[in-house]
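Participant: Would you mind keeping the following structure in view while I ask a few things?
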Amino acid sequence: MTPEPASGATLASLLFVLLAIFSAALFFAITAIRRLRHERDELIHQKDVIFGFIHDVGDVFAHSENIDLERMLDRVLFYAVRTTKASAGAIYLFDKSEGLFRARSVSGIFPPLTGSVESAVSTAVSKSQAVEQLVRSQRVARGEGLIGETADFGTPILIEDAARDPRVPTYQLDFLKIHSILLVPMRFLQKILGVIVVVNRVDARPFIQADLSLLQALADQASVSVHYAGLRDSLNEKQRIDHDLNVARQIQTALLPRAIPRLPGLEMAAFTHSAQEIGGDYYDFIHIDDDHIGIAIADVSGKGIVGAIMMSISRSVLRAQATMSTDPTEVLKGVNRIMFEDIAEDMFVSMLYMVLNTQTLELRVARAGHERPILVQSHDKHCQIIDSAGVALGMADRDGFDTLLTETSIVLSPGDTLVAYTDGVTEALNGQGDEWGADQLFETIHQAAPNGAHAVINTVQHQLERFVGGIAQYDDMTLLALQVAHDYKSTL
Amino acid sequence: MRECEIKREERDNLDIVRLDGALDSHSFPRLESTLNGLRDGQRHRVILDCSGLEYISSASLGALIGFARRAREHQGDLRLVNLSPKIYNIVELLGFHKILEIHGNIDEALAKFGE
């Protein structure tokens, strides 16, 4: 049999098949070209993003040595959000004093990651403000939630579909909903400084691995600067405190008597040592009239500038009141009346105020919550404590203070020594953390008293210095001494 | 000095706050926020158990008096119990034992609140 010649119809169908194959091939080729072109565009876009990012990083950290931590964080977050096309973000830093993380920079409406906050937010007038306040007020413990997890493991977390991850809080309010979230740790020398978080891409797509890599790169760069900015901030804080202390010290020095009055038959001496933090000790000798001298020693409860100002007020009020009476209780009552009204309710001043009649040697003592003075009598050389009742100034109202205050009166004899001090003296600490103590003070006074008021001051100062051995003290130390001359004769 | 530990125990109509360690300018803010929290929650009857208190700065004492004063304005009080001789001496020297209510132990303070 010879093969039949192909009919026209068969040829046509063959051609059709060939055409179909060709069209399909062409279609696939075009699709492939389109896909490649799309991939090329994507790559070009990625390249742009990365170039943009490198430029941003340069921008973020340019001159970063001159800006403070908060501004630096705001800048880092701005670029973190821009680079990842996120709609919101936050930077959490570890707060060493609290041992917790807290949001130090927030951008966009960043939903709290702890959940259950909607009622507070939905009723707020300004929702974005309310959300930001909430986020900033919240504290995150180590290991708590996604932030704690990122910090604990030191590895980034990328959640493409947040709805399917139970770790992500769910919200009813649209603007709080989290669709996709990305968290990266900020690390420096094995230490976790904080966590950068971004949520929801603006194009509604999930975050991808490339976003994670870029954000981690930014976080790594930022960590170095954050570490140094933190160091700089604490240094600035220290300089500010040093400045405050200098001002306080100047006020304190200006208020102490420039010279101790010289009176016939009386030897008086004093010393004060300002502590690192400045307590607010002071002493004063006040000329009341020709026969009376007022002697005051006080300790203000506040420290720094506040303490120094309080001390300045107390001194002025006392000086004004002192010239009106030779009764020390009346003077202290007057001081308290003024101070109770005017000073912060939790501040107070302990004050010992004594009036000495330089003719009769009668010493009237009133004590407003201050250390009791010590008397060393010349005839038996024993240390004796002079006690009287009273509350510190500024703590009780007129009735309370006046009722509780009593006076003790003694008559000094030639050779008697009187010593008053502040608690900084007895509570001075040495390197082992031991207190110098009242027993040591009494013993030192007892030994030095026969040699006069200056000897008492010098010996105590010397013993104290030996005991503390250069250890910085927390509280001021003040001591004053008065001795009646052995050959004292009344001029009456 | 040992950092002050603060524990709060809620009883029916009052709170017992237990202190363990040293109260100074560093640790006082935490006690302050505990006491502020009680005040904001209208809980004005507080017993401060000082059995573990090793040191108290004068500024902290001043602030405690402020709290006691405000508690009294709301028919409550802040009472101190179990003071060591050292802490009592500081309080007594300042004359604050005449302003603050101080009791030997928690039961005495509870009884006083019950009156």
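Residue numbers start at 1 in each chain; chains themselves are named A, B, ... in the order of the structure tokens; ligands are numbered from 1 in the order shown.
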Given a cut-off of 8 Å, which residues of chain A touch chain B, counting only C-alpha atoms, written out as an MDAnalysis selection string?

Facilitator: chainID A and resid 301:302 345:348 350 368:371 389:392 395:396

Participant: For Leu412 in chain A, find every residue with an atom within 7 Å (counting only C-alpha atoms), except residues of its own chain fewer than 6 positions away, and show them as a PDB file with N, CA and C atoms, in the first residue's frame.

Facilitator:
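After the write, out33.pdb holds the following:
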```
ATOM      1  N   LEU A 361      26.836  83.563 133.830  1.00  0.00           N
ATOM      2  CA  LEU A 361      27.174  82.245 133.282  1.00  0.00           C
ATOM      3  C   LEU A 361      25.979  81.293 133.289  1.00  0.00           C
ATOM      4  N   GLU A 362      24.782  81.860 133.353  1.00  0.00           N
ATOM      5  CA  GLU A 362      23.607  81.006 133.238  1.00  0.00           C
ATOM      6  C   GLU A 362      23.433  80.617 131.768  1.00  0.00           C
ATOM      7  N   LEU A 363      23.288  79.305 131.517  1.00  0.00           N
ATOM      8  CA  LEU A 363      23.110  78.815 130.143  1.00  0.00           C
ATOM      9  C   LEU A 363      21.720  78.210 130.033  1.00  0.00           C
TER      10      LEU A 363
END
```

Participant: When DSSP is applied to the backbone of this structure, which of range 300-383 of chain A are assigned strand (DSSP E)? Write them out as number ranges by chain.

Facilitator: A: 300, 349-357, 362-368, 374-376, 383

Participant: Do you know which residues are at most 10 Å from Asp15 in chain B counting only C-alpha atoms, after dropping those on the same chain fewer than 6 positions away, and could you put them as a JSON list (two decimals) with C-alpha atoms, in the first residue's frame?

Facilitator:
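What ended up in around_27.json:
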```json
[["chain", "number", "residue", "atom", "x", "y", "z"],
["B", 8, "ARG", "CA", 2.73, 44.84, 101.30],
["B", 9, "GLU", "CA", 0.12, 42.69, 102.95],
["B", 35, "LEU", "CA", 2.36, 54.60, 100.09],
["B", 38, "LEU", "CA", -2.38, 53.06, 99.03],
["B", 43, "ARG", "CA", -6.49, 52.98, 101.94],
["B", 44, "HIS", "CA", -5.45, 55.30, 104.74],
["B", 45, "ARG", "CA", -4.82, 52.83, 107.57],
["B", 46, "VAL", "CA", -1.25, 51.60, 107.31],
["B", 47, "ILE", "CA", 1.06, 49.76, 109.69],
["B", 48, "LEU", "CA", 4.75, 50.12, 108.86],
["B", 78, "LEU", "CA", 0.47, 55.54, 109.51]]
```

Participant: With DSSP run on the backbone, what are the alpha helix (DSSP H) residues within range 136-200 of chain A? I'd like them as a PyMOL selection string.

Facilitator: chain A and resi 136-137+145-153

Participant: Need to verify the contact set: Thr323 in chain A, 10 Å, only C-alpha atoms, exclusion of same-chain residues closer than 3 positions in sequence. Can you return it as a ChimeraX atom specification?

Facilitator: /A:286-289,292-294,318-320,326,331

Participant: What does the file look like for those residues with N, CA and C atoms, as a compact mmCIF listing (two decimals), in the first residue's frame?

Facilitator:
```txt
# COMPACT_ATOMS: atom_id res chain seq x y z
N ILE A 286 25.22 84.58 117.98
CA ILE A 286 24.43 85.80 117.77
C ILE A 286 24.57 86.74 118.98
N HIS A 287 24.92 87.96 118.69
CA HIS A 287 25.00 88.97 119.75
C HIS A 287 23.57 89.46 120.04
N ILE A 288 23.05 89.12 121.24
CA ILE A 288 21.67 89.51 121.56
C ILE A 288 21.67 90.89 122.23
N ASP A 289 22.43 90.99 123.30
CA ASP A 289 22.65 92.31 123.92
C ASP A 289 24.00 92.22 124.62
N HIS A 292 24.18 89.00 126.74
CA HIS A 292 23.70 87.70 126.26
C HIS A 292 24.23 87.36 124.86
N ILE A 293 24.65 86.11 124.74
CA ILE A 293 25.05 85.64 123.42
C ILE A 293 24.22 84.38 123.09
N GLY A 294 23.74 84.31 121.85
CA GLY A 294 22.98 83.13 121.40
C GLY A 294 23.92 82.22 120.64
N LEU A 318 16.07 82.67 112.43
CA LEU A 318 16.61 82.59 113.79
C LEU A 318 17.23 83.92 114.21
N ARG A 319 18.01 84.52 113.31
CA ARG A 319 18.67 85.79 113.65
C ARG A 319 17.65 86.87 113.98
N ALA A 320 16.55 86.86 113.23
CA ALA A 320 15.50 87.85 113.47
C ALA A 320 14.81 87.61 114.81
N THR A 326 15.62 86.57 125.39
CA THR A 326 16.75 85.81 125.91
C THR A 326 16.26 84.44 126.38
N VAL A 331 12.31 81.84 121.40
CA VAL A 331 12.95 82.06 120.10
C VAL A 331 12.64 80.90 119.16
```
